[in-house]
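The file entry-v8.pdb comes next; it holds PDB, C-alpha atoms.
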```
ATOM      1  CA  MET A   1       2.653  79.490 -24.203
ATOM      2  CA  PRO A   2       3.201  82.670 -22.158
ATOM      3  CA  ASN A   3       6.543  84.312 -22.455
ATOM      4  CA  LYS A   4       9.003  83.099 -19.854
ATOM      5  CA  LEU A   5      10.008  85.806 -17.414
ATOM      6  CA  THR A   6      13.598  86.759 -17.012
ATOM      7  CA  PRO A   7      15.136  86.272 -13.562
ATOM      8  CA  GLU A   8      14.971  90.032 -13.009
ATOM      9  CA  GLN A   9      11.252  90.149 -13.941
ATOM     10  CA  GLU A  10      10.447  87.145 -11.720
ATOM     11  CA  MET A  11      12.236  88.780  -8.790
ATOM     12  CA  SER A  12      10.315  92.038  -9.356
ATOM     13  CA  ARG A  13       6.999  90.141  -9.509
ATOM     14  CA  ARG A  14       7.700  88.307  -6.259
ATOM     15  CA  THR A  15       8.818  91.504  -4.566
ATOM     16  CA  ARG A  16       5.553  93.260  -5.485
ATOM     17  CA  ARG A  17       3.567  90.277  -4.204
ATOM     18  CA  GLY A  18       5.511  90.283  -0.973
ATOM     19  CA  PHE A  19       4.892  93.980  -0.440
ATOM     20  CA  LEU A  20       1.167  93.521  -1.069
ATOM     21  CA  ALA A  21       0.994  90.618   1.409
ATOM     22  CA  LEU A  22       2.965  92.588   3.969
ATOM     23  CA  GLY A  23       0.671  95.581   3.557
ATOM     24  CA  ALA A  24      -2.437  93.425   3.938
ATOM     25  CA  GLY A  25      -0.980  91.813   7.038
ATOM     26  CA  ALA A  26      -0.189  95.213   8.510
ATOM     27  CA  VAL A  27      -3.776  96.361   7.923
ATOM     28  CA  VAL A  28      -5.158  93.243   9.607
ATOM     29  CA  ALA A  29      -2.750  93.580  12.529
ATOM     30  CA  ALA A  30      -3.596  97.258  12.961
ATOM     31  CA  GLY A  31      -7.296  96.471  12.892
ATOM     32  CA  GLY A  32      -6.845  93.698  15.428
ATOM     33  CA  TRP A  33      -4.838  95.954  17.706
ATOM     34  CA  GLN A  34      -7.490  98.667  17.435
ATOM     35  CA  TRP A  35     -10.208  96.110  18.267
ATOM     36  CA  LEU A  36      -8.304  94.779  21.268
ATOM     37  CA  ASN A  37      -7.801  98.285  22.594
ATOM     38  CA  SER A  38     -11.309  99.511  21.972
ATOM     39  CA  GLY A  39     -13.965 100.111  24.566
ATOM     40  CA  TYR A  40     -12.088 100.768  27.789
ATOM     41  CA  GLY A  41     -14.634 101.019  30.561
ATOM     42  CA  ARG A  42     -14.611 103.582  33.311
ATOM     43  CA  GLY A  43     -11.471 103.120  35.393
ATOM     44  CA  GLU A  44     -10.426 100.130  33.280
ATOM     45  CA  ASP A  45      -6.842  99.109  32.541
ATOM     46  CA  ILE A  46      -7.966  96.165  30.403
ATOM     47  CA  PRO A  47      -9.760  96.685  27.038
ATOM     48  CA  ALA A  48     -13.309  95.436  26.697
ATOM     49  CA  PRO A  49     -12.576  92.418  24.404
ATOM     50  CA  LEU A  50     -10.014  91.030  26.840
ATOM     51  CA  ARG A  51     -12.325  91.794  29.761
ATOM     52  CA  LYS A  52     -14.991  89.665  28.064
ATOM     53  CA  VAL A  53     -12.525  86.763  27.853
ATOM     54  CA  LEU A  54     -11.728  87.134  31.550
ATOM     55  CA  GLY A  55     -15.449  87.231  32.286
ATOM     56  CA  PHE A  56     -15.970  83.991  30.371
ATOM     57  CA  ASN A  57     -13.125  82.338  32.272
ATOM     58  CA  GLU A  58     -14.683  83.510  35.530
ATOM     59  CA  ARG A  59     -18.046  81.956  34.680
ATOM     60  CA  VAL A  60     -16.395  78.642  33.820
ATOM     61  CA  VAL A  61     -14.446  78.588  37.088
ATOM     62  CA  ARG A  62     -17.421  79.614  39.217
ATOM     63  CA  ASN A  63     -20.031  77.369  37.615
ATOM     64  CA  VAL A  64     -17.984  74.329  36.599
ATOM     65  CA  LEU A  65     -14.701  73.968  38.487
ATOM     66  CA  PHE A  66     -15.412  75.234  41.988
ATOM     67  CA  GLY A  67     -18.554  75.182  44.097
ATOM     68  CA  ASP A  68     -19.786  73.700  47.336
ATOM     69  CA  THR A  69     -19.305  70.248  45.840
ATOM     70  CA  HIS A  70     -16.158  71.073  43.847
ATOM     71  CA  LEU A  71     -13.255  71.614  46.213
ATOM     72  CA  VAL A  72      -9.617  72.538  45.790
ATOM     73  CA  LYS A  73      -7.249  69.595  46.198
ATOM     74  CA  THR A  74      -5.809  69.114  49.694
ATOM     75  CA  TYR A  75      -2.460  67.581  50.647
ATOM     76  CA  PRO A  76      -0.838  65.528  53.425
ATOM     77  CA  ALA A  77       1.322  67.197  56.065
ATOM     78  CA  SER A  78       4.414  65.703  54.445
ATOM     79  CA  ALA A  79       3.921  68.027  51.449
ATOM     80  CA  ILE A  80       3.979  71.275  53.468
ATOM     81  CA  GLY A  81       6.622  73.824  52.443
ATOM     82  CA  GLN A  82       7.742  77.273  53.546
ATOM     83  CA  LEU A  83       5.429  79.993  52.287
ATOM     84  CA  LYS A  84       7.085  83.182  51.015
ATOM     85  CA  GLU A  85       6.511  86.437  52.888
ATOM     86  CA  ASN A  86       5.351  88.020  49.617
ATOM     87  CA  GLY A  87       3.693  91.446  49.869
ATOM     88  CA  ASP A  88       3.741  93.994  52.668
ATOM     89  CA  GLU A  89       1.221  96.574  51.431
ATOM     90  CA  GLY A  90      -0.916  97.805  54.326
ATOM     91  CA  MET A  91       1.350  96.185  56.922
ATOM     92  CA  PRO A  92       3.480  98.884  58.607
ATOM     93  CA  ASP A  93       6.101  97.818  61.149
ATOM     94  CA  ASP A  94       4.557  99.862  63.981
ATOM     95  CA  PHE A  95       1.382  97.736  64.090
ATOM     96  CA  ASP A  96       0.332  96.675  67.609
ATOM     97  CA  ALA A  97      -1.601  93.395  67.565
ATOM     98  CA  ASP A  98      -2.814  93.981  71.140
ATOM     99  CA  ASP A  99      -4.923  96.907  69.904
ATOM    100  CA  TRP A 100      -6.390  94.980  66.966
ATOM    101  CA  THR A 101     -10.107  94.491  66.452
ATOM    102  CA  LEU A 102     -11.958  93.537  63.295
ATOM    103  CA  GLN A 103     -14.636  95.975  62.136
ATOM    104  CA  VAL A 104     -17.572  94.325  60.363
ATOM    105  CA  MET A 105     -20.085  96.251  58.247
ATOM    106  CA  PRO A 106     -23.161  94.063  57.584
ATOM    107  CA  ARG A 107     -25.217  94.159  54.417
ATOM    108  CA  GLY A 108     -27.829  96.870  54.199
ATOM    109  CA  GLY A 109     -26.111  99.452  56.384
ATOM    110  CA  GLY A 110     -26.626  97.686  59.686
ATOM    111  CA  LEU A 111     -24.735  98.751  62.789
ATOM    112  CA  PRO A 112     -21.008  97.961  62.668
ATOM    113  CA  VAL A 113     -19.789  95.036  64.741
ATOM    114  CA  SER A 114     -16.413  94.862  66.483
ATOM    115  CA  VAL A 115     -14.896  91.361  66.614
ATOM    116  CA  THR A 116     -11.888  90.285  68.693
ATOM    117  CA  ILE A 117      -9.507  87.398  68.141
ATOM    118  CA  ASP A 118     -11.159  85.601  71.080
ATOM    119  CA  ASP A 119     -14.492  85.885  69.275
ATOM    120  CA  LEU A 120     -12.926  84.195  66.259
ATOM    121  CA  HIS A 121     -11.384  81.447  68.396
ATOM    122  CA  ALA A 122     -14.868  80.710  69.740
ATOM    123  CA  LEU A 123     -16.085  79.742  66.262
ATOM    124  CA  PRO A 124     -15.648  76.153  65.016
ATOM    125  CA  ARG A 125     -12.007  75.622  64.056
ATOM    126  CA  TYR A 126     -11.277  74.386  60.549
ATOM    127  CA  GLU A 127      -7.962  73.189  59.075
ATOM    128  CA  GLU A 128      -6.914  72.717  55.470
ATOM    129  CA  THR A 129      -3.653  72.014  53.650
ATOM    130  CA  ILE A 130      -3.767  73.524  50.182
ATOM    131  CA  ASP A 131      -1.427  74.567  47.392
ATOM    132  CA  PHE A 132      -1.201  78.338  47.846
ATOM    133  CA  LYS A 133      -0.781  79.780  44.346
ATOM    134  CA  CYS A 134       0.705  83.132  43.354
ATOM    135  CA  VAL A 135       0.084  84.978  40.081
ATOM    136  CA  GLU A 136       3.882  85.244  39.792
ATOM    137  CA  GLY A 137       3.939  81.545  38.931
ATOM    138  CA  TRP A 138       5.046  79.873  42.157
ATOM    139  CA  SER A 139       3.054  77.840  44.661
ATOM    140  CA  THR A 140       3.619  76.311  48.103
ATOM    141  CA  VAL A 141       1.634  73.656  49.940
ATOM    142  CA  THR A 142       0.624  75.292  53.223
ATOM    143  CA  GLN A 143      -1.536  74.357  56.195
ATOM    144  CA  PHE A 144      -3.938  76.969  57.547
ATOM    145  CA  ALA A 145      -6.344  76.928  60.471
ATOM    146  CA  GLY A 146      -9.093  79.300  61.487
ATOM    147  CA  ALA A 147     -12.826  79.887  61.102
ATOM    148  CA  ARG A 148     -14.769  79.282  57.940
ATOM    149  CA  PHE A 149     -15.866  82.596  56.464
ATOM    150  CA  SER A 150     -19.393  81.223  56.126
ATOM    151  CA  ASP A 151     -19.520  80.508  59.886
ATOM    152  CA  PHE A 152     -18.113  83.960  60.604
ATOM    153  CA  THR A 153     -20.755  85.634  58.430
ATOM    154  CA  ALA A 154     -23.622  83.677  59.982
ATOM    155  CA  LYS A 155     -22.451  84.696  63.474
ATOM    156  CA  PHE A 156     -21.445  88.336  63.062
ATOM    157  CA  ALA A 157     -23.311  89.510  59.945
ATOM    158  CA  PRO A 158     -26.410  87.311  59.607
ATOM    159  CA  GLY A 159     -28.285  87.975  56.389
ATOM    160  CA  SER A 160     -25.159  89.255  54.655
ATOM    161  CA  GLU A 161     -24.875  85.941  52.829
ATOM    162  CA  LYS A 162     -27.249  87.527  50.313
ATOM    163  CA  ALA A 163     -24.876  90.404  49.533
ATOM    164  CA  GLY A 164     -23.357  90.518  46.080
ATOM    165  CA  TYR A 165     -19.842  91.321  47.251
ATOM    166  CA  VAL A 166     -17.501  91.392  50.209
ATOM    167  CA  GLY A 167     -14.779  93.999  50.650
ATOM    168  CA  MET A 168     -11.807  93.634  53.000
ATOM    169  CA  ALA A 169      -9.022  96.039  53.978
ATOM    170  CA  THR A 170      -6.032  96.191  56.282
ATOM    171  CA  PRO A 171      -6.364  98.316  59.454
ATOM    172  CA  ASP A 172      -4.664 101.284  57.765
ATOM    173  CA  GLY A 173      -6.544 100.807  54.484
ATOM    174  CA  GLY A 174      -3.297 100.445  52.558
ATOM    175  CA  TYR A 175      -4.299  97.124  51.011
ATOM    176  CA  TYR A 176      -7.808  96.060  50.074
ATOM    177  CA  VAL A 177      -9.546  93.348  48.093
ATOM    178  CA  GLY A 178     -12.991  92.795  46.625
ATOM    179  CA  LEU A 179     -14.609  89.374  46.501
ATOM    180  CA  ASP A 180     -17.717  87.902  44.972
ATOM    181  CA  THR A 181     -19.809  86.514  47.816
ATOM    182  CA  PRO A 182     -20.113  82.940  46.451
ATOM    183  CA  SER A 183     -16.309  82.601  46.531
ATOM    184  CA  ALA A 184     -16.137  84.175  49.985
ATOM    185  CA  LEU A 185     -18.662  81.632  51.274
ATOM    186  CA  HIS A 186     -16.932  78.658  49.613
ATOM    187  CA  PRO A 187     -16.414  75.853  52.175
ATOM    188  CA  GLN A 188     -12.627  76.213  51.932
ATOM    189  CA  THR A 189     -12.534  79.976  52.475
ATOM    190  CA  LEU A 190     -11.451  80.829  55.998
ATOM    191  CA  LEU A 191     -10.263  83.589  58.273
ATOM    192  CA  ALA A 192      -6.990  82.065  59.380
ATOM    193  CA  TYR A 193      -5.109  82.770  62.608
ATOM    194  CA  GLN A 194      -2.675  79.854  62.345
ATOM    195  CA  MET A 195      -0.309  78.593  59.647
ATOM    196  CA  ASN A 196       1.682  75.345  59.608
ATOM    197  CA  GLY A 197       0.706  74.532  63.198
ATOM    198  CA  ALA A 198       1.625  77.893  64.777
ATOM    199  CA  ASP A 199       0.035  81.306  65.244
ATOM    200  CA  LEU A 200       0.449  83.605  62.263
ATOM    201  CA  GLU A 201       3.632  85.638  62.230
ATOM    202  CA  ASP A 202       3.541  89.360  61.423
ATOM    203  CA  GLU A 203       4.905  88.921  57.908
ATOM    204  CA  HIS A 204       2.150  86.434  57.110
ATOM    205  CA  GLY A 205      -0.671  88.658  58.310
ATOM    206  CA  ALA A 206      -1.024  88.277  62.079
ATOM    207  CA  PRO A 207      -3.377  88.283  63.785
ATOM    208  CA  LEU A 208      -5.834  87.371  60.997
ATOM    209  CA  ARG A 209      -5.641  86.790  57.268
ATOM    210  CA  LEU A 210      -7.906  85.531  54.534
ATOM    211  CA  VAL A 211      -7.312  82.142  52.937
ATOM    212  CA  ILE A 212      -9.455  81.764  49.845
ATOM    213  CA  ALA A 213      -8.351  78.580  48.145
ATOM    214  CA  VAL A 214     -10.195  79.176  44.871
ATOM    215  CA  LYS A 215      -8.240  82.373  44.135
ATOM    216  CA  TYR A 216      -4.653  83.468  43.637
ATOM    217  CA  GLY A 217      -2.618  84.923  46.484
ATOM    218  CA  ILE A 218      -3.401  88.538  45.577
ATOM    219  CA  LYS A 219      -6.890  87.974  47.021
ATOM    220  CA  ASN A 220      -5.617  86.344  50.210
ATOM    221  CA  ILE A 221      -5.366  89.609  52.135
ATOM    222  CA  LYS A 222      -3.165  89.677  55.222
ATOM    223  CA  ARG A 223      -3.837  91.499  58.511
ATOM    224  CA  ILE A 224      -7.538  92.113  57.925
ATOM    225  CA  GLY A 225      -8.925  95.126  59.769
ATOM    226  CA  LYS A 226     -12.286  95.636  58.100
ATOM    227  CA  ILE A 227     -14.900  93.507  56.345
ATOM    228  CA  ALA A 228     -17.891  95.049  54.568
ATOM    229  CA  TYR A 229     -20.770  93.374  52.741
ATOM    230  CA  GLY A 230     -22.514  95.207  49.911
ATOM    231  CA  GLU A 231     -24.235  95.126  46.551
ATOM    232  CA  THR A 232     -21.665  96.962  44.446
ATOM    233  CA  GLU A 233     -18.196  95.836  43.432
ATOM    234  CA  PRO A 234     -15.834  97.078  46.165
ATOM    235  CA  PRO A 235     -12.414  98.616  45.524
ATOM    236  CA  ASP A 236      -9.648  96.127  44.834
ATOM    237  CA  TYR A 237      -5.950  96.983  44.992
ATOM    238  CA  TRP A 238      -4.801  94.850  42.062
ATOM    239  CA  ARG A 239      -7.986  95.308  40.041
ATOM    240  CA  GLU A 240      -7.078  99.002  39.954
ATOM    241  CA  ARG A 241      -3.698  97.991  38.530
ATOM    242  CA  GLY A 242      -5.057  95.961  35.628
ATOM    243  CA  TYR A 243      -5.564  92.500  37.136
ATOM    244  CA  ASP A 244      -8.774  90.524  36.865
ATOM    245  CA  PHE A 245     -11.251  91.254  39.688
ATOM    246  CA  TYR A 246     -12.195  87.591  40.061
ATOM    247  CA  ALA A 247      -8.590  86.314  40.113
ATOM    248  CA  GLY A 248      -9.755  82.695  40.223
ATOM    249  CA  LEU A 249      -7.461  79.735  39.741
TER
END
```
What's the structure tokens form of this structure?
Amino acid sequence: MPNKLTPEQEMSRRTRRGFLALGAGAVVAAGGWQWLNSGYGRGEDIPAPLRKVLGFNERVVRNVLFGDTHLVKTYPASAIGQLKENGDEGMPDDFDADDWTLQVMPRGGGLPVSVTIDDLHALPRYEETIDFKCVEGWSTVTQFAGARFSDFTAKFAPGSEKAGYVGMATPDGGYYVGLDTPSALHPQTLLAYQMNGADLEDEHGAPLRLVIAVKYGIKNIKRIGKIAYGETEPPDYWRERGYDFYAGL
């Protein structure tokens, strides 16, 4: 039989084992941290491995959860709440809605088109009551009304449905978002001029805001002043600050 260790020897043996395990764990953790932080792309705030995870999530959402036949849940009027005024980037107080026009840049460098609020009112009106979700963790059931973005595109930028992306910005360019065209053309995506049965108020993006039900609120740009269709990923305010470009629910 092996000699029995004294309490002091047993304690020393366990201490050495613990230090070895701790050292091995530290090496693994350091390697994992290095892997997670490897491969930053140009202008990226998110390392490549995490970006790949976000990309996978995006493909699942786009191809499985939401499409022309997969819609976001809608709610009865009794569920409507009071939407927060969250976010005022690109919305200065001296804005004059009477001077507002929407500048549209079609795909392929076509001539710009200037669209008025009356032009938008002339399009088929669409209403939806959805759960507006914020990346901060809160949500509010809200009713919006306006023109489907697909109808808008067909009328004012025909052929731009084939573009890879859509970029939008406020009149002063202070806030801007980039969208993948399939999400922009989703049946529940609209250019809204009314909310909860009344015209949009300034703090909620009057005279026109985007409502894109398949994405978080950071993509639902308020007070749109410019829309451009193109083949390259457009600038995106929160993408530049480390958020996912797709920002899908």
Would you pick out the contacts of Ala157 in chain A at 12 Å or less, using all atoms listed in the file, so that residues sharing its chain but fewer than 6 positions from it are not included, and give the list as a PyMOL selection string? chain A and resi 103-115+149-151+163+166+227-230
Residues in the PyMOL selection byres ((chain A and resi 199) around 12), expressed as a ChimeraX atom specification: /A:117,121,143-146,192-198,200-209
Counting all atoms listed in the file, which residue out of A:Leu102, A:Ile80, A:Val214, A:Val177 sits closest to Thr140 in chain A? A:Ile80
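Rounded to one decimal, CA of Gly174 in chain A and CA of Asn86 in chain A lie 15.4 Å from each other.
Taking all atoms listed in the file into account, Glu128 in chain A lies nearest to A:Ala77 out of the set A:Ala154, A:Ile221, A:Met91, A:Ala77.
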